[in-house]
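Read the structure below first, then the notes.
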2 protein chains.
Amino acid sequence: MKRVTINDVATTAGVSKSTVSHVINKTRFVEEATRQKVLAAIASLEYRPSNIARSLVSKRTKTAGLLISDVGNPFYSEVILGAEEVAMLNDYSIFLCNTSYDLERGMKYIHSLIDKSVDGLLFMSSSMSLEMVEEVVKNQIQAVVFDWEDVHLDNLAATITINFREGIREAVRHLVESGHREISHISGPLDLWTAQVRRDAFLDSLREYGLDPKRSVVIEGDLRIEGGRNAFEQLIQIKPRPTAVFAANDLMALGVLWAARNYGFNLPEQLSVVGLDDIDLASKVTPALTTVALPRYDMGKLAMKTLLDMIEKPTEKNGGKLEVATRLIVRQSTAPPAGAWAN
Amino acid sequence: MKRVTINDVATTAGVSKSTVSHVINKTRFVEEATRQKVLAAIASLEYRPSNIARSLVSKRTKTAGLLISDVGNPFYSEVILGAEEVAMLNDYSIFLCNTSYDLERGMKYIHSLIDKSVDGLLFMSSSMSLEMVEEVVKNQIQAVVFDWEDVHLDNLAATITINFREGIREAVRHLVESGHREISHISGPLDLWTAQVRRDAFLDSLREYGLDPKRSVVIEGDLRIEGGRNAFEQLIQIKPRPTAVFAANDLMALGVLWAARNYGFNLPEQLSVVGLDDIDLASKVTPALTTVALPRYDMGKLAMKTLLDMIEKPTEKNGGKLEVATRLIVRQSTAPPAGAWAN
DNA sequence: TTGAAAGCGCTAACAG
DNA sequence: CTGTTAGCGCTTTCAA
C-alpha cells in the first residue's frame with residue numbers, strides 16, 4: 001500500500017541505496033552482478049523513483065510552464081502542440097496556464113509556477129507584462145517570450161517573434177497587382193503590440209506599392225469572428241468603398257466573409273478578403289481564404305526547443321532573438337475588383 | 001543568489017523554523033508579536049515556500065494531469081477551460097498531456113505523471129484504455145474518466161458521461177415532425193465507444209418515432225471537417241435520397257454544409273443538417289447549424305470539481321457516475337424537406 | 001567496487 | 001506559547 005522507495009529496493013537487492021541510485025542514474029560503475037540484482041529488485045517491486053525527492057536535491061523539476069491567453073484560440077493550439085511535442089520528447093512536463101487575457105490572473109499563475117519550481121516558462125500570452133518576466137527571471141527561471149518584443153526584455157529572456165512584414169508585404173502586393181486601390185485593414189485591439197506591428201506592416205507596404213496609407217481605413221476589431229462581422233458593417237459605409245480588406249487574423253477574415261455573404265455579396269468579386277494565420281478552417285471554407293501563413297507548429301517546437309536549451313545550459317547569456325518567417329497563401333477569397341464596385 | 005529558505009526566515013526573525021512553518025500554515029497558535037516578526041522577515045526576504053519540499057512530506061502536490069486526445073479540437077478546448085478554472089480557484093496546477101489519439105503516447109504520459117506524483121488525473125481522451133486507469137489507480141492517483149463507460153471502471157474511477165440520448169432524441173423528433181423520412185447518420189469511427197453510443201441513440205430514436213432504422217444509412221466519418229465532406233459525396237449516391245442528415249459532431253456537419261454548397265445545393269431546403277457539440281462556429285456559419293448542444297464549459301468544471309473532491313476526501317469509495325444532459329438547439333440548417341428532393 | 005552519512009526544504013510529533 | 005528533532009526519498013560527497 002505504501003509507496004515503494006529506494007530503500008525497499010536496496011534492502012531486497014541486498015545493497016546500499018547509493019548503489020541503487022547509481023545503477024539507476026548510471027553515475028558510477030557498478031559490477032554487473034550487483035547491477036543485475038538491483039535491476040531485478042526494481043522490476044519485481046515495480047519501483048519508480050520519486051521526481052519530487054529528486055527535484056529537492058537536484059534543483060530541477062523537468063517541468064515548464066506555458067502561459068497562454070486562450071487555449072481555445074485555434075492559432076495557439078497548433079503552437080501548443082509543437083511545444084508539447086518537444087517537451088515530451090525531452091521528458092519535460094508542461095503546466096497549462098490559461099490567462100484568459102487577464103494580467104492579474106497571469107501574475108497569479110506565475111507565482112504558482114515559481115512555487116512549483118518550474119525550470120522554464122514559455123510566454124505565449126498576448127496580454128503579458130514586463131513585470132511578469134522580471135518576476136520569473138528573478139526566481140532563476142528561464143523564460144522565452146513568444147511574439148512580443150521590448151528592449152527591456154533583452155537580458156531577461158529569449159524572444160521569438162514572427163516576421164509579419166514579409167508575408168503582409170506579399171499580401172499587399174498581391175492585392176495591388178490584382179488592381180485594388182482601396183484596401184482597408186481590420187486590426188486587432190491596438191493596445192496590443194502585435195496588432196500595431198501588423199497594422200504598421202500593412203501601412204508601410206501600401207506606401208511601398210504606391211498607395212497612400214492615409215486613404216486606407218483601419219477598423220479595430222477583437223480578433224474574433226464577431227469582430228469581423230462588425231467590421232464588415234463599418235466597411236460598407238466607407239467612401240470610396242474598399243474593394244479589398246486585410247484582416248489581422250483569419251477569424252476576423254471569416255467573420256467578414258460570412259457577414260458579406262449574409263448581405264448578399266458576391267465574393268470574391270465584390271470584396272477580396274485576406275486573413276492572417278492560416279488556421280485549419282481557412283482552407284476549408286468557401287471561398288477558401290487567401291491568408292498570410294505562419295508555421296505555427298514549428299514555432300511551438302522552436303520556442304520549446306529554445307527554452308530547453310536555456311535550461312540545460314544556462315551558462316550562456318540569457319536572451320537571443322529568433323524570428324520565424326511568414327508567407328502568403330493565395331486561395332479563392334481574392335480576385336481583381338469588379339468594376340461596379342470600384343466606386 | 002541562492003534560494004531563500006525557511007531557515008533564513010527563522011534566523012532573521014529570531015525564531016525556530018517550526019514557528020515560521022506554523023505562522024505560514026496557521027497550524028497552531030503563535031503570539032501576535034512573534035507572528036509579526038515572522039511575517040516581516042518573510043516580506044523582507046521575499047520568501048516563498050518550496051512546494052517540492054512540502055510535497056515530499058505531505059505526499060500531495062496540488063497538481064493534476066489532463067490526458068487529452070487533441071487540444072486543438074474545439075470540443076475539448078472549452079472543457080479544458082472549465083477544468084482549468086476550477087483547478088486554479090483551488091490552487092491546483094494542471095499538466096497538459098496531449099496524446100494525439102495515440103495509446104502508447106498516452107501510456108508514456110501516464111508514467112510521467114506517476115513519477116511526478118500528481119494527485120489526480122482527468123481522462124479526457126477518446127483513445128484511452130482500461131490499463132491506463134488501472135496503472136494510475138494502482139499508484140494511488142485519483143481518476144475521473146470523461147465520456148467513457150466500462151463496467152470494469154466501476155471501482156477504479158469516477159465517470160462523467162454525456163447523456164446523448166435526450167438531445168439526439170429531440171433532434172430526431174424535430175426532423176421527423178418537420179416531415180423528414182429518409183435520415184442518414186454520419187458517425188465517428190465506430191471503434192470508439194462514443195461513436196457507437198451516438199449512433200445507437202440515433203437509431204433507437206428513429207424507431208421510437210416510427211421510422212425503420214434499417215432503412216437509414218450510417219456513414220462512418222473521422223470527426224473532422226474533411227470527413228463530413230467525404231460523407232456528403234456518399235450521401236448523394238443513396239437511393240432513396242436522404243432529406244436530412246445527423247452528424248456525430250459539428251465539424252462533420254460543417255463539412256456537409258460546405259460540401260453541399262460547393263455542389264450548388266440549396267440549404268436547408270434540399271438537405272437538413274444537424275450537428276452535435278454546438279462548437280463556437282456552429283452559430284456563426286450560414287446557415288447557422290442546428291445542433292445537439294453539450295454544456296462543455298460546465299462539464300469541464302464538473303469533472304475537475306469531482307476530481308478535487310476525490311483528492312481532498314479519498315475516504316469515500318472511488319467511483320460514482322455522473323451524467324450531464326444535452327439538448328437540441330434549432331437554428332437555420334434544418335427545415336421541412338422540399339418536395340423535389342423527397343425522392 | 002561499494003557503503004555510510006549528510007543534507008535538499010519542509011512538516012509534525014514530542015517536549016518543555 | 002515555542003523549540004528540538006526526526007524524517008519525507010533521493011543524490012552525492014567522503015571513506016573504505
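Letters for chains follow the order of the C-alpha cells (A, B, ...), residue numbers begin at 1 for each chain, and ligand numbers begin at 1 in the order shown.
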
For chain C, report every residue with an atom at most 10 Å from chain B (counting only C-alpha atoms (C1' of nucleotides)), formatted as a short mmCIF file (atom, residue, chain, number, x, y, z; two decimals) with C-alpha atoms (C1' of nucleotides), in the first residue's frame.
```cif
data_model
loop_
_atom_site.label_atom_id
_atom_site.label_comp_id
_atom_site.auth_asym_id
_atom_site.auth_seq_id
_atom_site.Cartn_x
_atom_site.Cartn_y
_atom_site.Cartn_z
"C1'" DC C 8 17.92 19.28 -0.07
"C1'" DG C 9 13.46 22.48 2.41
"C1'" DC C 10 9.87 21.45 4.65
"C1'" DT C 11 6.13 19.39 8.32
"C1'" DA C 12 4.81 17.35 12.54
#
```

Once chain A has been least-squares superposed onto chain B, matching all their Cα atoms in order, can you return it as a short mmCIF file (atom, residue, chain, number, x, y, z; two decimals) with C-alpha atoms, in the first residue's frame?
```cif
data_model
loop_
_atom_site.label_atom_id
_atom_site.label_comp_id
_atom_site.auth_asym_id
_atom_site.auth_seq_id
_atom_site.Cartn_x
_atom_site.Cartn_y
_atom_site.Cartn_z
CA MET A 1 21.41 34.44 -5.61
CA LYS A 2 20.54 31.26 -3.76
CA ARG A 3 17.00 30.44 -2.94
CA VAL A 4 15.56 31.92 0.25
CA THR A 5 14.59 29.08 2.58
CA ILE A 6 12.60 28.72 5.72
CA ASN A 7 15.88 28.73 7.60
CA ASP A 8 16.75 32.18 6.37
CA VAL A 9 13.40 33.42 7.55
CA ALA A 10 13.85 31.76 10.92
CA THR A 11 17.27 33.30 11.36
CA THR A 12 16.33 36.85 10.44
CA ALA A 13 13.19 36.62 12.56
CA GLY A 14 15.13 35.16 15.45
CA VAL A 15 12.87 32.15 15.86
CA SER A 16 13.00 28.46 15.02
CA LYS A 17 11.95 27.18 11.65
CA SER A 18 9.06 25.27 13.14
CA THR A 19 7.59 28.54 14.31
CA VAL A 20 7.95 29.96 10.85
CA SER A 21 6.25 26.92 9.44
CA HIS A 22 3.41 27.29 11.88
CA VAL A 23 2.73 30.92 11.17
CA ILE A 24 2.68 30.19 7.47
CA ASN A 25 0.31 27.29 7.78
CA LYS A 26 -1.63 28.61 10.78
CA THR A 27 -1.22 25.22 12.28
CA ARG A 28 -0.72 26.16 15.89
CA PHE A 29 -1.00 29.29 17.96
CA VAL A 30 1.85 31.76 17.78
CA GLU A 31 2.02 34.87 19.91
CA GLU A 32 1.11 37.94 17.92
CA ALA A 33 4.47 39.63 18.52
CA THR A 34 6.54 36.76 17.15
CA ARG A 35 4.05 36.22 14.38
CA GLN A 36 4.64 39.78 13.23
CA LYS A 37 8.39 39.31 13.34
CA VAL A 38 8.08 36.24 11.16
CA LEU A 39 5.74 37.96 8.75
CA ALA A 40 8.14 40.86 8.49
CA ALA A 41 11.04 38.56 7.75
CA ILE A 42 9.04 36.76 5.10
CA ALA A 43 8.13 40.00 3.45
CA SER A 44 11.60 41.51 3.52
CA LEU A 45 13.20 38.36 2.16
CA GLU A 46 10.40 37.79 -0.33
CA TYR A 47 10.27 34.25 0.89
CA ARG A 48 8.11 31.69 -0.90
CA PRO A 49 7.83 28.16 0.45
CA SER A 50 9.02 25.43 -1.87
CA ASN A 51 6.18 23.24 -3.00
CA ILE A 52 8.65 20.51 -3.71
CA ALA A 53 9.90 20.25 -0.17
CA ARG A 54 6.34 20.46 1.03
CA SER A 55 5.20 17.72 -1.27
CA LEU A 56 7.98 15.46 -0.15
CA VAL A 57 6.55 15.37 3.32
CA SER A 58 2.87 15.94 2.68
CA LYS A 59 2.58 13.40 -0.15
CA ARG A 60 0.45 15.86 -2.04
CA THR A 61 1.44 18.04 -4.94
CA LYS A 62 -1.65 20.07 -5.74
CA THR A 63 -1.28 19.08 -9.34
CA ALA A 64 -3.52 17.14 -11.65
CA GLY A 65 -2.97 15.65 -15.05
CA LEU A 66 -5.21 16.29 -18.00
CA LEU A 67 -4.98 13.52 -20.54
CA ILE A 68 -6.60 14.71 -23.70
CA SER A 69 -6.63 13.44 -27.26
CA ASP A 70 -6.45 16.76 -29.03
CA VAL A 71 -6.24 20.21 -27.52
CA GLY A 72 -6.97 21.64 -30.91
CA ASN A 73 -10.39 20.08 -31.01
CA PRO A 74 -12.80 22.91 -30.32
CA PHE A 75 -14.95 20.53 -28.36
CA TYR A 76 -12.27 19.89 -25.82
CA SER A 77 -10.95 23.38 -25.49
CA GLU A 78 -14.06 24.62 -23.72
CA VAL A 79 -13.96 21.65 -21.42
CA ILE A 80 -10.34 22.39 -20.65
CA LEU A 81 -11.21 25.95 -19.80
CA GLY A 82 -13.85 24.82 -17.33
CA ALA A 83 -11.55 22.29 -15.73
CA GLU A 84 -8.74 24.77 -15.59
CA GLU A 85 -10.90 27.41 -13.95
CA VAL A 86 -11.87 25.11 -11.10
CA ALA A 87 -8.32 23.91 -10.69
CA MET A 88 -6.99 27.44 -10.44
CA LEU A 89 -9.60 28.53 -7.96
CA ASN A 90 -8.48 25.65 -5.76
CA ASP A 91 -4.79 26.33 -6.25
CA TYR A 92 -4.19 23.26 -8.32
CA SER A 93 -1.98 23.22 -11.38
CA ILE A 94 -2.65 21.20 -14.48
CA PHE A 95 -0.27 19.11 -16.52
CA LEU A 96 -1.29 19.14 -20.13
CA CYS A 97 -0.93 15.80 -21.87
CA ASN A 98 -1.96 15.65 -25.48
CA THR A 99 -2.11 12.08 -26.69
CA SER A 100 -2.89 12.79 -30.34
CA TYR A 101 -5.19 9.77 -30.18
CA ASP A 102 -2.17 7.57 -29.59
CA LEU A 103 -2.50 4.91 -26.88
CA GLU A 104 1.19 4.38 -26.50
CA ARG A 105 1.79 8.06 -26.11
CA GLY A 106 -0.96 8.17 -23.53
CA MET A 107 0.71 5.45 -21.51
CA LYS A 108 4.00 7.28 -21.66
CA TYR A 109 2.32 10.36 -20.27
CA ILE A 110 0.69 8.38 -17.54
CA HIS A 111 4.01 7.13 -16.31
CA SER A 112 5.41 10.59 -16.45
CA LEU A 113 2.50 11.82 -14.34
CA ILE A 114 2.94 9.02 -11.85
CA ASP A 115 6.59 9.95 -11.52
CA LYS A 116 5.60 13.54 -10.93
CA SER A 117 3.17 12.38 -8.23
CA VAL A 118 0.08 14.12 -9.48
CA ASP A 119 -2.81 13.95 -7.04
CA GLY A 120 -5.37 13.18 -9.69
CA LEU A 121 -5.87 12.56 -13.34
CA LEU A 122 -8.63 13.57 -15.65
CA PHE A 123 -9.11 11.32 -18.64
CA MET A 124 -10.58 13.33 -21.45
CA SER A 125 -9.17 11.27 -24.21
CA SER A 126 -11.43 9.34 -26.50
CA SER A 127 -8.57 6.96 -27.09
CA MET A 128 -7.81 5.54 -23.70
CA SER A 129 -7.67 2.11 -22.18
CA LEU A 130 -8.69 0.40 -19.00
CA GLU A 131 -5.06 -0.47 -18.45
CA MET A 132 -4.25 3.21 -18.15
CA VAL A 133 -6.80 3.76 -15.44
CA GLU A 134 -5.62 0.70 -13.56
CA GLU A 135 -2.04 1.86 -13.72
CA VAL A 136 -3.01 5.24 -12.36
CA VAL A 137 -5.17 3.92 -9.56
CA LYS A 138 -2.55 1.40 -8.56
CA ASN A 139 -0.32 4.38 -7.86
CA GLN A 140 -2.84 5.98 -5.49
CA ILE A 141 -3.85 8.58 -7.99
CA GLN A 142 -7.49 9.56 -8.16
CA ALA A 143 -9.06 9.33 -11.57
CA VAL A 144 -12.07 10.81 -13.28
CA VAL A 145 -13.01 9.48 -16.67
CA PHE A 146 -14.81 11.71 -19.04
CA ASP A 147 -17.21 10.48 -21.66
CA TRP A 148 -16.37 6.80 -21.43
CA GLU A 149 -18.10 3.96 -19.67
CA ASP A 150 -17.01 0.48 -18.80
CA VAL A 151 -18.16 -1.89 -16.10
CA HIS A 152 -14.58 -2.55 -15.15
CA LEU A 153 -14.20 1.10 -14.34
CA ASP A 154 -16.72 0.94 -11.53
CA ASN A 155 -14.44 0.74 -8.55
CA LEU A 156 -11.51 2.49 -10.09
CA ALA A 157 -12.66 5.90 -11.12
CA ALA A 158 -15.55 8.30 -11.21
CA THR A 159 -17.12 8.64 -14.61
CA ILE A 160 -18.86 11.59 -16.02
CA THR A 161 -20.80 10.85 -19.12
CA ILE A 162 -22.90 12.80 -21.48
CA ASN A 163 -26.48 11.74 -21.90
CA PHE A 164 -26.70 12.01 -25.65
CA ARG A 165 -29.98 10.13 -25.89
CA GLU A 166 -32.18 12.99 -24.86
CA GLY A 167 -30.67 15.54 -27.20
CA ILE A 168 -30.44 13.13 -30.10
CA ARG A 169 -34.04 12.11 -29.53
CA GLU A 170 -35.08 15.73 -29.73
CA ALA A 171 -33.12 16.08 -32.94
CA VAL A 172 -34.77 13.08 -34.56
CA ARG A 173 -38.19 14.21 -33.44
CA HIS A 174 -37.52 17.65 -34.83
CA LEU A 175 -36.62 16.15 -38.21
CA VAL A 176 -39.48 13.68 -38.29
CA GLU A 177 -42.02 16.29 -37.32
CA SER A 178 -40.65 18.49 -40.09
CA GLY A 179 -41.57 15.76 -42.49
CA HIS A 180 -38.28 13.95 -43.03
CA ARG A 181 -38.41 10.22 -43.62
CA GLU A 182 -34.98 9.44 -45.06
CA ILE A 183 -32.44 10.44 -42.48
CA SER A 184 -28.82 9.41 -42.64
CA HIS A 185 -26.19 9.47 -39.96
CA ILE A 186 -22.51 10.29 -40.14
CA SER A 187 -20.90 8.58 -37.22
CA GLY A 188 -17.47 8.86 -35.71
CA PRO A 189 -14.99 5.99 -36.03
CA LEU A 190 -17.05 3.06 -34.82
CA ASP A 191 -14.30 1.55 -32.75
CA LEU A 192 -14.84 4.46 -30.40
CA TRP A 193 -17.32 3.94 -27.64
CA THR A 194 -18.80 7.39 -27.98
CA ALA A 195 -19.38 6.93 -31.69
CA GLN A 196 -21.39 3.81 -31.00
CA VAL A 197 -23.44 5.47 -28.31
CA ARG A 198 -24.44 8.30 -30.59
CA ARG A 199 -25.26 6.04 -33.46
CA ASP A 200 -27.36 3.77 -31.28
CA ALA A 201 -29.22 6.69 -29.76
CA PHE A 202 -29.93 7.87 -33.27
CA LEU A 203 -31.18 4.51 -34.49
CA ASP A 204 -33.29 3.95 -31.38
CA SER A 205 -34.87 7.36 -31.80
CA LEU A 206 -35.77 6.59 -35.39
CA ARG A 207 -37.57 3.50 -34.20
CA GLU A 208 -39.30 5.46 -31.52
CA TYR A 209 -40.69 7.88 -34.06
CA GLY A 210 -41.89 5.19 -36.37
CA LEU A 211 -39.05 4.96 -38.87
CA ASP A 212 -37.18 1.81 -39.76
CA PRO A 213 -33.58 2.09 -38.63
CA LYS A 214 -32.57 -0.47 -41.23
CA ARG A 215 -33.45 1.95 -43.99
CA SER A 216 -31.18 4.56 -42.55
CA VAL A 217 -27.65 4.69 -43.87
CA VAL A 218 -24.81 5.19 -41.44
CA ILE A 219 -21.60 6.55 -42.91
CA GLU A 220 -18.48 6.35 -40.82
CA GLY A 221 -16.54 9.59 -40.60
CA ASP A 222 -13.40 10.84 -38.89
CA LEU A 223 -14.97 13.55 -36.74
CA ARG A 224 -13.24 16.23 -38.80
CA ILE A 225 -14.45 18.66 -41.41
CA GLU A 226 -12.89 16.58 -44.10
CA GLY A 227 -14.86 13.57 -42.94
CA GLY A 228 -18.07 15.51 -43.43
CA ARG A 229 -17.11 16.48 -46.95
CA ASN A 230 -16.34 12.88 -47.83
CA ALA A 231 -19.55 11.70 -46.24
CA PHE A 232 -21.52 14.17 -48.30
CA GLU A 233 -20.21 12.66 -51.48
CA GLN A 234 -21.40 9.26 -50.35
CA LEU A 235 -24.66 10.74 -49.21
CA ILE A 236 -25.71 11.89 -52.66
CA GLN A 237 -25.28 8.40 -54.04
CA ILE A 238 -27.85 6.91 -51.68
CA LYS A 239 -31.24 5.83 -53.05
CA PRO A 240 -33.71 6.92 -51.93
CA ARG A 241 -31.91 10.12 -51.24
CA PRO A 242 -31.82 11.24 -47.64
CA THR A 243 -33.46 14.58 -47.00
CA ALA A 244 -31.71 15.06 -43.72
CA VAL A 245 -28.49 14.04 -42.10
CA PHE A 246 -27.44 13.88 -38.49
CA ALA A 247 -23.69 14.14 -37.95
CA ALA A 248 -21.99 12.87 -34.83
CA ASN A 249 -20.25 16.20 -34.38
CA ASP A 250 -20.42 19.75 -35.64
CA LEU A 251 -17.16 19.63 -37.51
CA MET A 252 -18.50 16.93 -39.80
CA ALA A 253 -21.84 18.72 -40.06
CA LEU A 254 -20.00 21.80 -41.26
CA GLY A 255 -18.13 19.65 -43.72
CA VAL A 256 -21.46 18.50 -45.14
CA LEU A 257 -22.75 22.05 -45.23
CA TRP A 258 -19.79 23.34 -47.14
CA ALA A 259 -19.49 20.40 -49.47
CA ALA A 260 -23.19 20.71 -50.27
CA ARG A 261 -22.78 24.35 -51.09
CA ASN A 262 -19.83 23.57 -53.33
CA TYR A 263 -22.09 21.18 -55.19
CA GLY A 264 -24.58 23.98 -55.66
CA PHE A 265 -27.15 22.66 -53.22
CA ASN A 266 -29.65 24.93 -51.66
CA LEU A 267 -29.63 24.55 -47.89
CA PRO A 268 -31.57 23.77 -45.85
CA GLU A 269 -34.32 23.16 -48.41
CA GLN A 270 -32.48 20.42 -50.21
CA LEU A 271 -30.80 18.90 -47.20
CA SER A 272 -31.32 19.43 -43.53
CA VAL A 273 -28.21 19.08 -41.41
CA VAL A 274 -28.00 18.53 -37.67
CA GLY A 275 -24.73 18.52 -35.79
CA LEU A 276 -23.68 17.72 -32.27
CA ASP A 277 -21.48 19.73 -29.90
CA ASP A 278 -22.58 23.30 -30.52
CA ILE A 279 -19.08 24.52 -31.10
CA ASP A 280 -18.46 28.22 -31.35
CA LEU A 281 -18.70 28.21 -35.11
CA ALA A 282 -22.06 26.47 -35.22
CA SER A 283 -23.97 29.65 -34.57
CA LYS A 284 -21.76 31.78 -36.78
CA VAL A 285 -21.90 29.97 -40.09
CA THR A 286 -24.60 30.42 -42.70
CA PRO A 287 -26.96 28.74 -42.45
CA ALA A 288 -26.46 28.58 -38.70
CA LEU A 289 -26.22 24.97 -37.61
CA THR A 290 -29.01 23.16 -35.80
CA THR A 291 -27.20 21.06 -33.27
CA VAL A 292 -27.35 18.98 -30.12
CA ALA A 293 -25.63 21.12 -27.53
CA LEU A 294 -23.44 19.99 -24.67
CA PRO A 295 -22.71 22.19 -21.68
CA ARG A 296 -19.01 21.91 -22.38
CA TYR A 297 -17.66 24.51 -20.02
CA ASP A 298 -19.78 23.22 -17.15
CA MET A 299 -18.73 19.71 -17.93
CA GLY A 300 -15.12 20.67 -17.51
CA LYS A 301 -15.89 22.34 -14.24
CA LEU A 302 -17.86 19.37 -12.99
CA ALA A 303 -15.14 16.94 -13.95
CA MET A 304 -12.45 18.87 -12.14
CA LYS A 305 -14.65 19.54 -9.16
CA THR A 306 -15.33 15.85 -8.86
CA LEU A 307 -11.65 15.04 -9.10
CA LEU A 308 -10.68 17.57 -6.45
CA ASP A 309 -13.37 16.26 -4.14
CA MET A 310 -11.97 12.78 -4.50
CA ILE A 311 -8.50 14.06 -3.77
CA GLU A 312 -9.50 16.07 -0.74
CA LYS A 313 -11.56 13.33 0.87
CA PRO A 314 -10.39 10.00 -0.48
CA THR A 315 -12.21 8.24 2.35
CA GLU A 316 -15.28 7.72 0.22
CA LYS A 317 -15.35 4.84 -2.21
CA ASN A 318 -13.92 5.55 -5.58
CA GLY A 319 -16.34 5.77 -8.39
CA GLY A 320 -19.66 7.38 -8.75
CA LYS A 321 -21.38 8.04 -12.00
CA LEU A 322 -22.32 11.50 -13.08
CA GLU A 323 -24.24 12.49 -16.12
CA VAL A 324 -24.79 15.76 -17.91
CA ALA A 325 -27.71 16.44 -20.19
CA THR A 326 -27.85 17.51 -23.82
CA ARG A 327 -30.49 19.45 -25.69
CA LEU A 328 -31.33 20.42 -29.23
CA ILE A 329 -30.75 23.94 -30.46
CA VAL A 330 -32.73 24.62 -33.60
CA ARG A 331 -31.15 27.05 -36.03
CA GLN A 332 -31.29 27.51 -39.79
CA SER A 333 -29.74 24.34 -41.14
CA THR A 334 -32.95 22.34 -40.80
CA ALA A 335 -36.28 22.78 -42.58
CA PRO A 336 -39.05 20.64 -44.03
CA PRO A 337 -37.82 18.68 -47.04
CA ALA A 338 -38.41 20.19 -50.46
CA GLY A 339 -40.73 18.03 -52.55
CA ALA A 340 -38.34 17.76 -55.45
CA TRP A 341 -35.83 16.16 -53.20
CA ALA A 342 -37.98 13.69 -51.35
CA ASN A 343 -37.25 11.29 -54.14
#
```

Legend entry - Per-residue DSSP, stretch 138-283 of chain B, filtered to strand (DSSP E), as number ranges by chain: B: 142-146, 158-163, 183-187, 218-220, 244-247, 272-277

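Near chain A, within 10 Å and counting only C-alpha atoms (C1' of nucleotides), the residues of chain D are DC8, DG9, DC10, DT11 and DT12 of chain D.
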
Inset, instruction - Please identify which residues in stretch 279-342 of chain B DSSP calls helix (DSSP H, G or I) from the backbone, and express them as a list of chain:residue names. - result: B:Asp280, B:Leu281, B:Ala282, B:Ser283, B:Arg296, B:Tyr297, B:Asp298, B:Met299, B:Gly300, B:Lys301, B:Leu302, B:Ala303, B:Met304, B:Lys305, B:Thr306, B:Leu307, B:Leu308, B:Asp309, B:Met310, B:Ile311, B:Glu312, B:Gly339, B:Ala340, B:Trp341

Output file for the residues above (C-alpha atoms, as a PDB file, in the first residue's frame):
```pdb
ATOM      1  CA  ASP B 280     -18.366  28.182 -31.356  1.00  0.00           C
ATOM      2  CA  LEU B 281     -18.626  28.175 -35.109  1.00  0.00           C
ATOM      3  CA  ALA B 282     -21.986  26.459 -35.216  1.00  0.00           C
ATOM      4  CA  SER B 283     -23.887  29.640 -34.544  1.00  0.00           C
ATOM      5  CA  ARG B 296     -18.922  21.925 -22.419  1.00  0.00           C
ATOM      6  CA  TYR B 297     -17.560  24.509 -20.068  1.00  0.00           C
ATOM      7  CA  ASP B 298     -19.674  23.235 -17.213  1.00  0.00           C
ATOM      8  CA  MET B 299     -18.638  19.703 -17.978  1.00  0.00           C
ATOM      9  CA  GLY B 300     -15.017  20.674 -17.559  1.00  0.00           C
ATOM     10  CA  LYS B 301     -15.799  22.346 -14.293  1.00  0.00           C
ATOM     11  CA  LEU B 302     -17.788  19.382 -13.042  1.00  0.00           C
ATOM     12  CA  ALA B 303     -15.062  16.951 -13.994  1.00  0.00           C
ATOM     13  CA  MET B 304     -12.373  18.883 -12.183  1.00  0.00           C
ATOM     14  CA  LYS B 305     -14.596  19.547  -9.203  1.00  0.00           C
ATOM     15  CA  THR B 306     -15.278  15.852  -8.914  1.00  0.00           C
ATOM     16  CA  LEU B 307     -11.604  15.048  -9.147  1.00  0.00           C
ATOM     17  CA  LEU B 308     -10.631  17.572  -6.493  1.00  0.00           C
ATOM     18  CA  ASP B 309     -13.337  16.261  -4.190  1.00  0.00           C
ATOM     19  CA  MET B 310     -11.948  12.781  -4.542  1.00  0.00           C
ATOM     20  CA  ILE B 311      -8.486  14.059  -3.785  1.00  0.00           C
ATOM     21  CA  GLU B 312      -9.492  16.089  -0.762  1.00  0.00           C
ATOM     22  CA  GLY B 339     -40.833  18.119 -52.426  1.00  0.00           C
ATOM     23  CA  ALA B 340     -38.442  17.865 -55.331  1.00  0.00           C
ATOM     24  CA  TRP B 341     -35.969  16.211 -53.110  1.00  0.00           C
TER      25      TRP B 341
END
```

Inset, instruction - Excluding C:DA15 and any residue of its chain fewer than 4 positions from it, enumerate the residues within 12 Å of it, using only C-alpha atoms (C1' of nucleotides), and give them as a ChimeraX atom specification. - result: /D:2-5

Please produce a file of those selected residues containing C-alpha atoms (C1' of nucleotides), as a compact mmCIF listing (two decimals), in the first residue's frame.
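This went into result_30.txt:
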```
# COMPACT_ATOMS: atom_id res chain seq x y z
C1' DT D 2 7.76 27.82 21.21
C1' DG D 3 11.88 24.97 20.16
C1' DT D 4 14.16 20.34 19.08
C1' DT D 5 14.22 16.60 16.32
```
